[in-house]
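structure-v3.txt follows (compact mmCIF, C-alpha atoms and all ligand atoms):
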```txt
# COMPACT_ATOMS: atom_id res chain seq x y z
CA MET X 1 -9.20 2.71 -30.03
CA SER X 2 -11.92 3.40 -32.60
CA GLU X 3 -11.82 6.69 -34.56
CA ALA X 4 -15.00 7.79 -32.77
CA LEU X 5 -13.43 7.14 -29.37
CA ARG X 6 -10.21 8.90 -30.34
CA HIS X 7 -12.11 12.17 -30.82
CA ARG X 8 -14.20 12.25 -27.70
CA PRO X 9 -13.19 12.22 -24.05
CA ALA X 10 -12.68 8.75 -22.59
CA HIS X 11 -14.61 8.06 -19.40
CA ALA X 12 -14.26 5.26 -16.88
CA VAL X 13 -16.62 4.12 -14.14
CA VAL X 14 -15.29 2.30 -11.05
CA ILE X 15 -17.72 0.28 -8.92
CA GLY X 16 -16.63 0.49 -5.26
CA GLY X 17 -14.76 3.28 -3.46
CA SER X 18 -12.52 1.20 -1.22
CA ILE X 19 -8.82 0.44 -1.69
CA ALA X 20 -9.09 -1.38 -5.05
CA GLY X 21 -11.51 1.22 -6.43
CA MET X 22 -9.43 4.21 -5.34
CA LEU X 23 -6.21 2.68 -6.65
CA ALA X 24 -7.94 1.77 -9.92
CA ALA X 25 -8.91 5.43 -10.26
CA ALA X 26 -5.26 6.39 -9.66
CA ALA X 27 -4.21 3.91 -12.36
CA LEU X 28 -6.79 5.26 -14.81
CA THR X 29 -6.38 9.03 -14.49
CA PRO X 30 -3.26 9.36 -16.66
CA HIS X 31 -5.05 7.50 -19.47
CA VAL X 32 -8.67 8.66 -19.49
CA ASP X 33 -10.29 12.08 -19.25
CA SER X 34 -12.55 11.35 -16.31
CA VAL X 35 -13.26 8.66 -13.73
CA GLU X 36 -16.44 8.31 -11.71
CA ILE X 37 -16.38 6.10 -8.62
CA ILE X 38 -19.71 4.59 -7.57
CA GLU X 39 -19.84 3.81 -3.86
CA ALA X 40 -22.77 2.21 -2.06
CA HIS X 41 -22.01 3.99 1.22
CA GLN X 42 -20.68 7.25 2.64
CA LEU X 43 -16.98 8.12 2.35
CA PRO X 44 -15.74 9.98 5.46
CA ASP X 45 -13.46 13.03 5.20
CA GLY X 46 -10.99 11.65 7.72
CA PRO X 47 -9.52 8.33 8.94
CA GLU X 48 -12.86 7.11 10.27
CA PRO X 49 -14.71 3.80 10.22
CA ARG X 50 -17.22 3.35 7.43
CA THR X 51 -20.01 0.95 6.63
CA GLY X 52 -18.61 -0.28 3.30
CA VAL X 53 -15.49 -1.82 4.87
CA PRO X 54 -16.64 -3.75 7.96
CA GLN X 55 -13.38 -5.74 7.96
CA ALA X 56 -11.51 -2.55 8.98
CA VAL X 57 -12.10 -3.42 12.64
CA HIS X 58 -9.67 -6.33 12.20
CA ILE X 59 -5.87 -6.02 11.94
CA HIS X 60 -4.66 -4.94 8.49
CA LEU X 61 -0.97 -4.94 7.70
CA LEU X 62 0.48 -3.83 4.40
CA GLN X 63 3.25 -5.96 2.90
CA THR X 64 6.26 -4.38 1.17
CA GLY X 65 4.94 -5.22 -2.30
CA GLY X 66 1.61 -3.59 -1.54
CA ALA X 67 3.12 -0.50 0.06
CA GLU X 68 5.42 0.00 -2.90
CA ALA X 69 2.63 -0.55 -5.43
CA ILE X 70 0.56 2.13 -3.66
CA ASN X 71 3.57 4.45 -3.63
CA ASP X 72 4.11 3.80 -7.32
CA LEU X 73 0.53 4.82 -8.12
CA LEU X 74 0.37 7.63 -5.57
CA PRO X 75 3.94 8.86 -4.92
CA GLY X 76 4.58 9.92 -1.35
CA SER X 77 1.97 7.59 0.19
CA ILE X 78 4.42 5.67 2.38
CA ASP X 79 5.77 8.94 3.82
CA LEU X 80 2.25 10.26 4.35
CA LEU X 81 1.24 7.06 6.13
CA GLN X 82 4.29 7.15 8.39
CA ALA X 83 3.81 10.87 9.11
CA ALA X 84 0.25 10.05 10.19
CA GLY X 85 1.52 7.42 12.62
CA ALA X 86 1.86 4.18 10.63
CA HIS X 87 4.74 1.98 11.78
CA ARG X 88 7.39 0.61 9.43
CA ILE X 89 8.30 -2.81 10.77
CA PRO X 90 11.47 -4.37 9.34
CA VAL X 91 10.95 -8.08 8.58
CA THR X 92 11.91 -10.05 10.67
CA THR X 93 14.00 -7.64 12.77
CA ASN X 94 11.06 -6.17 14.62
CA MET X 95 8.76 -9.17 14.72
CA VAL X 96 8.20 -11.16 17.90
CA ILE X 97 6.36 -14.13 16.45
CA TYR X 98 5.97 -17.58 17.94
CA SER X 99 5.68 -20.01 15.05
CA PRO X 100 5.20 -23.80 15.09
CA GLU X 101 9.02 -24.00 14.85
CA GLY X 102 9.56 -21.66 17.82
CA TRP X 103 10.38 -17.93 17.86
CA TYR X 104 11.09 -16.26 14.53
CA ARG X 105 14.74 -15.46 14.20
CA ARG X 106 15.04 -11.65 14.27
CA TRP X 107 17.53 -10.92 11.49
CA LYS X 108 19.50 -7.69 11.91
CA ARG X 109 19.31 -6.67 8.29
CA ALA X 110 15.91 -6.43 6.68
CA THR X 111 15.11 -6.52 2.99
CA HIS X 112 11.36 -6.28 3.54
CA TYR X 113 9.03 -4.43 5.87
CA LEU X 114 5.41 -4.22 6.94
CA LEU X 115 3.42 -1.04 7.37
CA THR X 116 1.04 -1.22 10.30
CA ALA X 117 -1.79 1.27 10.74
CA SER X 118 -5.52 1.14 11.17
CA ARG X 119 -7.28 0.27 7.96
CA ASP X 120 -9.21 3.54 8.36
CA LEU X 121 -5.94 5.50 8.19
CA THR X 122 -4.59 3.56 5.19
CA ASP X 123 -7.84 4.11 3.28
CA HIS X 124 -7.93 7.79 4.24
CA ILE X 125 -4.38 8.49 3.00
CA ILE X 126 -5.15 6.79 -0.32
CA ARG X 127 -8.58 8.37 -0.69
CA GLN X 128 -7.47 11.93 -0.02
CA GLN X 129 -4.76 11.72 -2.69
CA VAL X 130 -7.03 10.16 -5.30
CA LEU X 131 -9.92 12.54 -4.70
CA LYS X 132 -7.85 15.69 -4.97
CA ASP X 133 -7.49 14.95 -8.70
CA PRO X 134 -10.27 16.95 -10.40
CA ARG X 135 -10.67 14.20 -13.01
CA VAL X 136 -12.02 11.86 -10.31
CA THR X 137 -15.56 12.23 -8.97
CA VAL X 138 -17.51 10.06 -6.53
CA ARG X 139 -21.19 9.21 -6.39
CA THR X 140 -21.84 7.97 -2.86
CA HIS X 141 -24.94 6.21 -1.50
CA THR X 142 -25.31 4.72 -4.96
CA ARG X 143 -25.20 1.06 -5.87
CA ALA X 144 -24.30 -0.50 -9.22
CA ILE X 145 -27.13 -2.87 -10.08
CA THR X 146 -26.17 -4.22 -13.50
CA LEU X 147 -23.80 -3.84 -16.42
CA LEU X 148 -24.90 -2.20 -19.68
CA GLY X 149 -23.91 -3.53 -23.08
CA THR X 150 -23.54 -6.94 -24.63
CA ARG X 151 -21.52 -10.07 -24.12
CA HIS X 152 -18.92 -8.54 -26.43
CA GLN X 153 -18.79 -4.95 -25.20
CA ILE X 154 -19.66 -3.38 -21.85
CA THR X 155 -20.82 0.19 -22.33
CA GLY X 156 -21.57 1.27 -18.78
CA VAL X 157 -23.37 0.54 -15.54
CA ARG X 158 -26.92 0.99 -14.27
CA VAL X 159 -26.87 2.48 -10.79
CA ARG X 160 -29.52 2.92 -8.14
CA ALA X 161 -29.44 6.00 -5.88
CA ALA X 162 -30.57 6.06 -2.25
CA ASP X 163 -33.99 7.38 -3.35
CA ASN X 164 -34.40 4.27 -5.59
CA THR X 165 -34.02 6.12 -8.89
CA ASP X 166 -32.04 4.30 -11.56
CA VAL X 167 -29.57 5.99 -13.88
CA ASP X 168 -27.57 4.55 -16.78
CA LEU X 169 -23.94 5.68 -16.69
CA HIS X 170 -22.07 5.19 -19.94
CA ALA X 171 -18.36 4.44 -19.89
CA ASP X 172 -15.54 3.34 -22.16
CA LEU X 173 -14.18 1.22 -19.34
CA VAL X 174 -15.89 -0.23 -16.26
CA ILE X 175 -13.85 -1.53 -13.31
CA ASP X 176 -15.55 -3.77 -10.79
CA ALA X 177 -13.89 -3.15 -7.42
CA SER X 178 -16.92 -3.97 -5.27
CA GLY X 179 -15.12 -6.55 -3.13
CA ARG X 180 -16.37 -9.87 -1.82
CA ALA X 181 -19.98 -8.83 -2.56
CA SER X 182 -19.28 -8.47 -6.29
CA ARG X 183 -22.27 -9.28 -8.54
CA THR X 184 -20.23 -9.52 -11.75
CA PRO X 185 -20.82 -13.30 -12.11
CA GLN X 186 -24.60 -12.72 -12.08
CA TRP X 187 -24.37 -9.66 -14.35
CA LEU X 188 -22.29 -11.59 -16.90
CA SER X 189 -24.76 -14.42 -16.78
CA GLN X 190 -27.57 -11.95 -17.64
CA LEU X 191 -25.54 -11.09 -20.75
CA GLY X 192 -25.24 -14.77 -21.69
CA ILE X 193 -21.70 -15.30 -20.35
CA THR X 194 -21.96 -18.39 -18.17
CA ASP X 195 -19.76 -21.26 -16.95
CA LEU X 196 -17.55 -19.04 -14.83
CA ALA X 197 -15.14 -21.32 -12.96
CA SER X 198 -14.37 -20.48 -9.36
CA ASP X 199 -12.62 -21.88 -6.30
CA HIS X 200 -14.05 -21.48 -2.82
CA ILE X 201 -12.05 -22.75 0.14
CA ASP X 202 -13.42 -21.86 3.54
CA SER X 203 -11.34 -22.89 6.55
CA GLY X 204 -14.10 -21.60 8.85
CA LEU X 205 -11.62 -19.30 10.58
CA ALA X 206 -13.23 -16.61 12.77
CA TYR X 207 -11.58 -13.33 13.77
CA ALA X 208 -12.31 -11.35 16.95
CA SER X 209 -10.66 -7.95 17.24
CA ARG X 210 -10.32 -5.02 19.55
CA PHE X 211 -8.44 -1.72 19.82
CA TYR X 212 -6.36 -1.00 22.95
CA ARG X 213 -4.49 1.98 24.37
CA ALA X 214 -0.90 0.67 24.56
CA PRO X 215 0.67 0.88 28.04
CA VAL X 216 3.81 2.53 26.59
CA PRO X 217 4.49 4.68 23.50
CA THR X 218 4.46 2.37 20.48
CA ARG X 219 7.34 3.98 18.55
CA GLY X 220 9.75 1.16 17.65
CA TRP X 221 7.36 -1.40 19.12
CA PRO X 222 7.38 -4.78 17.31
CA VAL X 223 4.58 -6.77 15.72
CA ILE X 224 3.70 -9.56 18.15
CA GLY X 225 2.09 -12.81 17.15
CA VAL X 226 1.40 -16.38 18.12
CA GLN X 227 0.74 -18.76 15.24
CA ALA X 228 -1.25 -21.98 15.23
CA ASP X 229 0.54 -25.31 15.19
CA PRO X 230 -1.20 -27.68 12.74
CA SER X 231 0.39 -30.70 14.44
CA LEU X 232 -1.54 -30.14 17.68
CA PRO X 233 -4.70 -32.25 18.15
CA ARG X 234 -7.04 -29.27 18.67
CA PRO X 235 -8.59 -26.48 16.56
CA GLY X 236 -5.90 -24.04 15.46
CA ASN X 237 -5.88 -20.65 17.15
CA ALA X 238 -3.65 -17.65 16.74
CA GLY X 239 -3.38 -13.95 17.39
CA GLY X 240 -1.52 -10.76 16.64
CA ILE X 241 -0.88 -7.33 18.12
CA LEU X 242 -0.07 -4.55 15.65
CA PRO X 243 1.25 -1.21 16.86
CA ILE X 244 -0.82 1.43 15.05
CA GLU X 245 -1.15 5.22 15.05
CA ASP X 246 -1.96 7.19 18.23
CA ASP X 247 -0.10 4.76 20.52
CA ARG X 248 -2.75 2.11 20.09
CA TRP X 249 -2.52 -1.64 19.69
CA HIS X 250 -4.82 -3.33 17.23
CA VAL X 251 -5.38 -6.90 18.38
CA SER X 252 -6.95 -9.82 16.52
CA LEU X 253 -7.51 -13.35 17.78
CA MET X 254 -8.38 -16.14 15.37
CA GLY X 255 -9.79 -19.61 15.82
CA ALA X 256 -10.78 -22.54 13.62
CA PRO X 257 -14.18 -24.31 13.90
CA GLY X 258 -14.54 -25.87 17.31
CA GLY X 259 -12.34 -23.18 18.81
CA GLN X 260 -13.58 -19.85 17.49
CA PRO X 261 -13.32 -16.65 19.56
CA SER X 262 -16.55 -14.92 20.60
CA GLY X 263 -17.58 -11.26 20.63
CA GLU X 264 -17.97 -11.30 24.41
CA PRO X 265 -15.57 -8.63 25.81
CA GLY X 266 -14.92 -10.67 28.95
CA ALA X 267 -13.87 -13.68 26.87
CA PHE X 268 -11.24 -11.85 24.80
CA ALA X 269 -8.38 -12.02 27.29
CA SER X 270 -9.19 -15.59 28.26
CA PHE X 271 -9.15 -16.64 24.58
CA ALA X 272 -5.72 -15.00 24.26
CA ARG X 273 -4.65 -17.17 27.21
CA THR X 274 -5.50 -20.34 25.20
CA LEU X 275 -2.88 -19.56 22.53
CA ARG X 276 0.28 -21.65 22.39
CA HIS X 277 2.26 -18.94 24.22
CA PRO X 278 1.07 -16.49 26.93
CA ILE X 279 2.85 -13.44 25.48
CA MET X 280 -0.31 -11.82 24.10
CA ALA X 281 -2.45 -12.50 27.17
CA ASP X 282 0.33 -11.18 29.42
CA LEU X 283 0.70 -7.97 27.42
CA LEU X 284 -3.05 -7.34 27.16
CA GLN X 285 -3.28 -7.34 30.97
CA HIS X 286 -1.42 -4.01 30.88
CA ALA X 287 -3.43 -2.36 28.10
CA GLU X 288 -6.72 -0.48 28.22
CA PRO X 289 -9.49 -1.65 25.85
CA LEU X 290 -10.78 1.20 23.66
CA SER X 291 -13.50 -0.65 21.75
CA ASP X 292 -15.92 -3.54 21.80
CA VAL X 293 -14.88 -6.89 20.40
CA ARG X 294 -15.99 -7.39 16.79
CA VAL X 295 -16.17 -10.81 15.11
CA THR X 296 -16.13 -11.85 11.46
CA HIS X 297 -16.52 -15.22 9.79
CA SER X 298 -15.96 -13.75 6.32
CA THR X 299 -12.55 -15.29 5.76
CA ALA X 300 -13.00 -17.75 2.88
CA ASN X 301 -10.64 -17.87 -0.09
CA ARG X 302 -12.63 -17.25 -3.26
CA ARG X 303 -11.27 -16.87 -6.75
CA TYR X 304 -13.15 -16.30 -10.00
CA TYR X 305 -11.31 -17.49 -13.11
CA TYR X 306 -12.49 -14.66 -15.38
CA GLU X 307 -9.45 -15.10 -17.60
CA ARG X 308 -10.80 -18.49 -18.74
CA LEU X 309 -14.10 -17.08 -20.06
CA THR X 310 -14.75 -16.69 -23.76
CA PRO X 311 -15.90 -14.29 -24.90
CA TRP X 312 -14.68 -11.72 -22.42
CA PRO X 313 -16.37 -8.39 -23.12
CA GLU X 314 -14.32 -5.35 -24.03
CA GLY X 315 -14.61 -2.56 -21.49
CA LEU X 316 -14.76 -4.59 -18.27
CA VAL X 317 -11.99 -5.26 -15.73
CA VAL X 318 -12.40 -6.90 -12.31
CA LEU X 319 -9.98 -5.95 -9.55
CA GLY X 320 -9.23 -6.66 -5.88
CA ASP X 321 -11.46 -8.91 -3.78
CA SER X 322 -14.04 -8.92 -6.61
CA ALA X 323 -11.66 -11.14 -8.55
CA ALA X 324 -9.87 -13.01 -5.76
CA ALA X 325 -10.44 -12.75 -2.02
CA PHE X 326 -8.07 -14.49 0.37
CA ASN X 327 -8.08 -15.89 3.86
CA PRO X 328 -7.03 -12.75 5.81
CA LEU X 329 -4.51 -14.76 7.81
CA TYR X 330 -2.19 -14.29 4.81
CA GLY X 331 -2.49 -10.50 5.23
CA HIS X 332 -2.17 -9.64 1.57
CA GLY X 333 -5.59 -8.70 0.12
CA MET X 334 -4.77 -4.97 0.03
CA SER X 335 -1.37 -5.70 -1.53
CA VAL X 336 -2.93 -7.84 -4.25
CA ALA X 337 -5.44 -5.05 -4.98
CA ALA X 338 -2.58 -2.53 -5.24
CA GLN X 339 -0.48 -4.72 -7.49
CA GLY X 340 -3.57 -5.38 -9.64
CA ALA X 341 -4.03 -1.63 -10.06
CA VAL X 342 -0.38 -1.25 -11.10
CA ALA X 343 -0.86 -4.03 -13.68
CA LEU X 344 -3.96 -2.22 -14.99
CA ARG X 345 -2.03 1.04 -15.31
CA ASP X 346 0.77 -0.73 -17.17
CA GLU X 347 -1.73 -2.27 -19.61
CA LEU X 348 -3.24 1.18 -20.19
CA THR X 349 0.02 2.74 -21.37
CA THR X 350 -0.79 1.70 -24.94
CA GLY X 351 -4.28 3.26 -24.66
CA LEU X 352 -7.82 1.94 -24.49
CA LEU X 353 -7.16 -0.55 -27.27
CA PRO X 354 -9.23 -3.65 -28.09
CA GLY X 355 -8.08 -6.56 -25.93
CA LEU X 356 -7.15 -4.33 -22.98
CA ALA X 357 -9.81 -5.77 -20.71
CA ARG X 358 -8.82 -9.37 -21.37
CA ARG X 359 -5.13 -8.67 -20.89
CA ALA X 360 -5.75 -6.69 -17.70
C1 LIG X 401 -10.67 -10.07 8.96
C2 LIG X 401 -9.89 -9.53 7.80
C3 LIG X 401 -8.56 -9.15 7.98
C4 LIG X 401 -7.81 -8.71 6.89
N1 LIG X 401 -6.49 -8.40 7.07
C5 LIG X 401 -5.75 -7.98 6.00
C6 LIG X 401 -4.37 -7.65 6.15
O1 LIG X 401 -3.78 -7.76 7.24
N2 LIG X 401 -3.69 -7.21 5.06
C7 LIG X 401 -4.30 -7.10 3.83
O2 LIG X 401 -3.63 -6.69 2.87
N3 LIG X 401 -5.59 -7.43 3.65
C8 LIG X 401 -6.33 -7.87 4.70
N4 LIG X 401 -7.63 -8.20 4.51
C9 LIG X 401 -8.21 -8.15 3.16
C10 LIG X 401 -8.68 -6.75 2.76
O3 LIG X 401 -9.65 -6.30 3.69
C11 LIG X 401 -9.28 -6.83 1.35
O4 LIG X 401 -8.44 -7.57 0.50
C12 LIG X 401 -9.46 -5.44 0.73
O5 LIG X 401 -10.32 -4.63 1.48
C13 LIG X 401 -10.01 -5.57 -0.69
O6 LIG X 401 -10.30 -4.30 -1.18
P1 LIG X 401 -11.46 -4.08 -2.25
O7 LIG X 401 -11.44 -2.62 -2.55
O8 LIG X 401 -11.31 -5.08 -3.34
O9 LIG X 401 -12.82 -4.48 -1.48
P2 LIG X 401 -13.47 -3.84 -0.19
O10 LIG X 401 -12.45 -3.17 0.65
O11 LIG X 401 -14.29 -4.91 0.45
O12 LIG X 401 -14.45 -2.70 -0.73
C14 LIG X 401 -15.53 -2.91 -1.60
C15 LIG X 401 -16.25 -1.57 -1.77
O13 LIG X 401 -17.27 -1.70 -2.76
C16 LIG X 401 -18.47 -1.10 -2.28
N5 LIG X 401 -19.58 -1.79 -2.97
C17 LIG X 401 -19.95 -3.09 -2.87
N6 LIG X 401 -20.94 -3.39 -3.72
C18 LIG X 401 -21.21 -2.21 -4.41
C19 LIG X 401 -22.12 -1.88 -5.45
N7 LIG X 401 -22.96 -2.78 -5.98
N8 LIG X 401 -22.12 -0.60 -5.92
C20 LIG X 401 -21.27 0.35 -5.39
N9 LIG X 401 -20.38 0.06 -4.41
C21 LIG X 401 -20.34 -1.21 -3.93
C22 LIG X 401 -18.43 -1.31 -0.77
O14 LIG X 401 -19.26 -0.39 -0.09
C23 LIG X 401 -16.94 -1.08 -0.49
O15 LIG X 401 -16.65 0.28 -0.31
C24 LIG X 401 -8.41 -8.64 5.59
C25 LIG X 401 -9.75 -9.00 5.42
C26 LIG X 401 -10.48 -9.46 6.51
C27 LIG X 401 -11.92 -9.89 6.29
```
In C-alpha cells, write the structure found in this file.
Amino acid sequence: MSEALRHRPAHAVVIGGSIAGMLAAAALTPHVDSVEIIEAHQLPDGPEPRTGVPQAVHIHLLQTGGAEAINDLLPGSIDLLQAAGAHRIPVTTNMVIYSPEGWYRRWKRATHYLLTASRDLTDHIIRQQVLKDPRVTVRTHTRAITLLGTRHQITGVRVRAADNTDVDLHADLVIDASGRASRTPQWLSQLGITDLASDHIDSGLAYASRFYRAPVPTRGWPVIGVQADPSLPRPGNAGGILPIEDDRWHVSLMGAPGGQPSGEPGAFASFARTLRHPIMADLLQHAEPLSDVRVTHSTANRRYYYERLTPWPEGLVVLGDSAAAFNPLYGHGMSVAAQGAVALRDELTTGLLPGLARRA
C-alpha cells in the first residue's frame, strides 16, 4: 500500500449485487473502510424474484463447498437458510437419482450434502446479512459503463443512473461481479489490454422450469432426478425435482438440441414423460403447478483467462460468472462464486498491496 493510501480510508466498488457481488462485499469489509455495490436493477427486501437474476426461476442447489464458503464469509448462513425452509440433503443418502448406470446407491453415511431452496431465498439470506453492515452501501438502478484508470491501474468505475446521468466513482479496488453479461473484456480493450483468451463451449442445452405445490409436506423429502444417457441415439434429456421452502417442489427439465423442452405449460408434463424413467412424470401428476413454465437457453460454459493477460491492472478483480460461467447442469456456479470470494478475502489479509489483483 502506498503511503498516501495508508493514511486515507480505502474504498471498494463492486459491480453487480447478486451472489458474487454480495459475497465479495462480505470478503472486503474486514479489509477496507467502505464498499459500494452498483446494481443495475432493484434489490427486493425479501426473498422475491428480481430482474437482475432471471435464472432464479430454474432449480438452484448449493453444494457443500459453496454452502461452507458462504458460512465462512457470513457465519450462521446455513442455519438461517435452514430456518427459512431450505432443505439439507445428505449425499447420496437422500437422493433418488436415475443415472446412466441405474439408480444411485443411497449410502447411509454422508460426508457431503446439498442445500436446496429457491434462489430467491438463498440470495435474500445472503443479501440481508451483507447489507446490515453499515460499511456496505448499494446504488440500485445504476449500471457500470466503463472502468476508470489506465492499463496499469484501475481507479474506479463510471456509472450511469436510471435518469441517464453519468458519475465517476473512485475506488482503490474494483470487483466485477456482473455475471454472464460482464463487459470487462471490452473495457480492458478500451484501455489497450487486448488478446484476452477465452473458451466458449455451448452444448445448446435448454432448461424449462416450474414451481409446484408438493402433494405432501417436503420435510425429509429427497432430491429426485433422471439423468441423460449419452449412449442413447437421441438428444439427451434430463430433469430434477428439488424440495424447497414452503412445501414446494422446484422442477426443471432439460433437453439438448433436437429435443429441447418448450415454455408451453401443457407440454411440461409430457416432456417429463419422455425422460428415461417415469418417476418425475408420475410424481408431477399429484402436484399443483404454482407458476408458468420459464425457459432459458443461457447455459453455455464460458471462461475468460484473465490470469494470462499482461499487464493486469492493479485494482481490478473479476469474480463469479464474470470470470467463468458454467453449464448449469453441473450445479456449481454459486459455489464457485462463494469460493472465489473466500479466496479474495484470504488474499486481502496482507492488505491492499501491489499485486493483490493479479494474485486474486
Ligand atoms: C438455468 C440455470 C440453472 C442454474 N443452476 C445452478 C445450481 O443449481 N447451482 C449453482 O450453484 N448455480 C447454478 N446456476 C449458476 C448461477 O445462477 C450463477 O453461477 C450465479 O448466479 C453467478 O452469480 P454472479 O453474482 O456471478 O452473477 P449473476 O447472479 O448473474 O448476477 C449478476 C448481477 O450483476 C448485475 N449487473 C450486470 N451488469 C451490470 C452492470 N453493468 N452494472 C451494474 N450491475 C450489473 C445484474 O443485474 C445481476 O444482479 C444456474 C444457472 C442457470 C442459468
For this session: Would you mind telling me which residue in X:Ile241, X:Ala228, X:Ile145, X:Val317 lies nearest to X:Gln186 when using all atoms listed in the file?
Result: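 Nearest candidate to X:Gln186 out of X:Ile241, X:Ala228, X:Ile145, X:Val317: X:Ile145.
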For this session: Would you mind listing the residues within 6 Å of ligand LIG 401 (chain X), counting only C-alpha atoms and all ligand atoms, as number ranges by chain?
Result: X: 15-21, 38-41, 52-53, 55, 58-62, 142-145, 177-182, 207, 298-299, 320-322, 328, 331-335
Seminar exercise, completed: In Å and to one decimal, atom CA of X:Pro100 is distant from atom CA of X:Gly225 by 11.6 Å
For this session: Return the single residue from X:Ala300, X:Ala267, X:Leu344, X:Ile78 that is closest to X:Phe326, with distances computed using only C-alpha atoms.
Result: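 Ranking X:Ala300, X:Ala267, X:Leu344, X:Ile78 by distance to X:Phe326, first place goes to X:Ala300.
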Exercise. Taking into account all atoms listed in the file, which residue in the set X:Ser209, X:Asn301, X:Ser77, X:Thr184 is nearest to X:Val157?
Worked result: X:Thr184
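Remark: for X:Ile244, the closest of the candidate residues X:Asp120, X:Asp282, X:Glu288, X:Glu264 is X:Asp120 (distances computed over all atoms listed in the file).
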Exercise. Quick one: of X:Leu232, X:Val342, X:Val96, X:Leu352, who's nearest to X:Gly65, counting all atoms listed in the file?
Worked result: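 Selected residue with least distance to X:Gly65: X:Val342.
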For this session: Just give me the gap between atom CA of X:Pro257 and atom CA of X:Asn237 in Å, one decimal is fine.
Result: 9.6 Å
Find the residues near X:Thr274: any atom within 12 Å, counting all atoms listed in the file, skip ones fewer than 4 places away on the same chain, and give them as a PDB file with C-alpha atoms, in the frame of the given file.
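Below you can see part_27.pdb, which holds the result:
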```
ATOM      1  CA  VAL X 226       1.400 -16.380  18.120  1.00  0.00           C
ATOM      2  CA  GLN X 227       0.740 -18.760  15.240  1.00  0.00           C
ATOM      3  CA  ALA X 228      -1.250 -21.980  15.230  1.00  0.00           C
ATOM      4  CA  ARG X 234      -7.040 -29.270  18.670  1.00  0.00           C
ATOM      5  CA  PRO X 235      -8.590 -26.480  16.560  1.00  0.00           C
ATOM      6  CA  GLY X 236      -5.900 -24.040  15.460  1.00  0.00           C
ATOM      7  CA  ASN X 237      -5.880 -20.650  17.150  1.00  0.00           C
ATOM      8  CA  ALA X 238      -3.650 -17.650  16.740  1.00  0.00           C
ATOM      9  CA  GLY X 239      -3.380 -13.950  17.390  1.00  0.00           C
ATOM     10  CA  LEU X 253      -7.510 -13.350  17.780  1.00  0.00           C
ATOM     11  CA  MET X 254      -8.380 -16.140  15.370  1.00  0.00           C
ATOM     12  CA  GLY X 255      -9.790 -19.610  15.820  1.00  0.00           C
ATOM     13  CA  GLY X 259     -12.340 -23.180  18.810  1.00  0.00           C
ATOM     14  CA  GLN X 260     -13.580 -19.850  17.490  1.00  0.00           C
ATOM     15  CA  PRO X 261     -13.320 -16.650  19.560  1.00  0.00           C
ATOM     16  CA  ALA X 267     -13.870 -13.680  26.870  1.00  0.00           C
ATOM     17  CA  PHE X 268     -11.240 -11.850  24.800  1.00  0.00           C
ATOM     18  CA  ALA X 269      -8.380 -12.020  27.290  1.00  0.00           C
ATOM     19  CA  SER X 270      -9.190 -15.590  28.260  1.00  0.00           C
ATOM     20  CA  PRO X 278       1.070 -16.490  26.930  1.00  0.00           C
ATOM     21  CA  ILE X 279       2.850 -13.440  25.480  1.00  0.00           C
ATOM     22  CA  MET X 280      -0.310 -11.820  24.100  1.00  0.00           C
ATOM     23  CA  ALA X 281      -2.450 -12.500  27.170  1.00  0.00           C
ATOM     24  CA  ASP X 282       0.330 -11.180  29.420  1.00  0.00           C
TER      25      ASP X 282
END
```
Problem set entry | Within 12 Å of X:Gly266 using all atoms listed in the file, minus same-chain residues under 3 positions, as a VMD selection string | chain X and resid 210 261 to 263 269 to 272 289 292 to 293
Exercise. Can you list, as a ChimeraX atom specification, every protein, DNA or RNA residue that comes within 8 Å of stretch 303-309 of chain X when you count only C-alpha atoms, leaving out same-chain residues fewer than 6 positions away?
Worked result: /X:193,195-200,323-325,358
Put those residues in a file: C-alpha atoms, as a short mmCIF file (atom, residue, chain, number, x, y, z; two decimals), in the coordinates of the input.
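Written out: part-v8.cif:
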```cif
data_model
loop_
_atom_site.label_atom_id
_atom_site.label_comp_id
_atom_site.auth_asym_id
_atom_site.auth_seq_id
_atom_site.Cartn_x
_atom_site.Cartn_y
_atom_site.Cartn_z
CA ILE X 193 -21.70 -15.30 -20.35
CA ASP X 195 -19.76 -21.26 -16.95
CA LEU X 196 -17.55 -19.04 -14.83
CA ALA X 197 -15.14 -21.32 -12.96
CA SER X 198 -14.37 -20.48 -9.36
CA ASP X 199 -12.62 -21.88 -6.30
CA HIS X 200 -14.05 -21.48 -2.82
CA ALA X 323 -11.66 -11.14 -8.55
CA ALA X 324 -9.87 -13.01 -5.76
CA ALA X 325 -10.44 -12.75 -2.02
CA ARG X 358 -8.82 -9.37 -21.37
#
```
Exercise. Of the candidates X:Pro243, X:Pro265, X:Gly258, X:Pro30, which one gets nearest to X:Ala86 if we count all atoms listed in the file?
Worked result: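 Answer, going by the shortest atom-to-atom distance: X:Pro243.
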For this session: Grab the atom CA of X:Gly192 to atom CA of X:Thr150 distance for me, in Å with one decimal place.
Result: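 Taking atom CA of X:Gly192 as the start and atom CA of X:Thr150 as the end point, the length is 8.5 Å.
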Exercise. Hey, what's within 10 Å of X:Glu245 if we count all atoms listed in the file and toss same-chain stuff fewer than 4 positions away? As a PyMOL selection string, please?
Worked result: chain X and resi 81-87+116-118+121+218-219+249-250
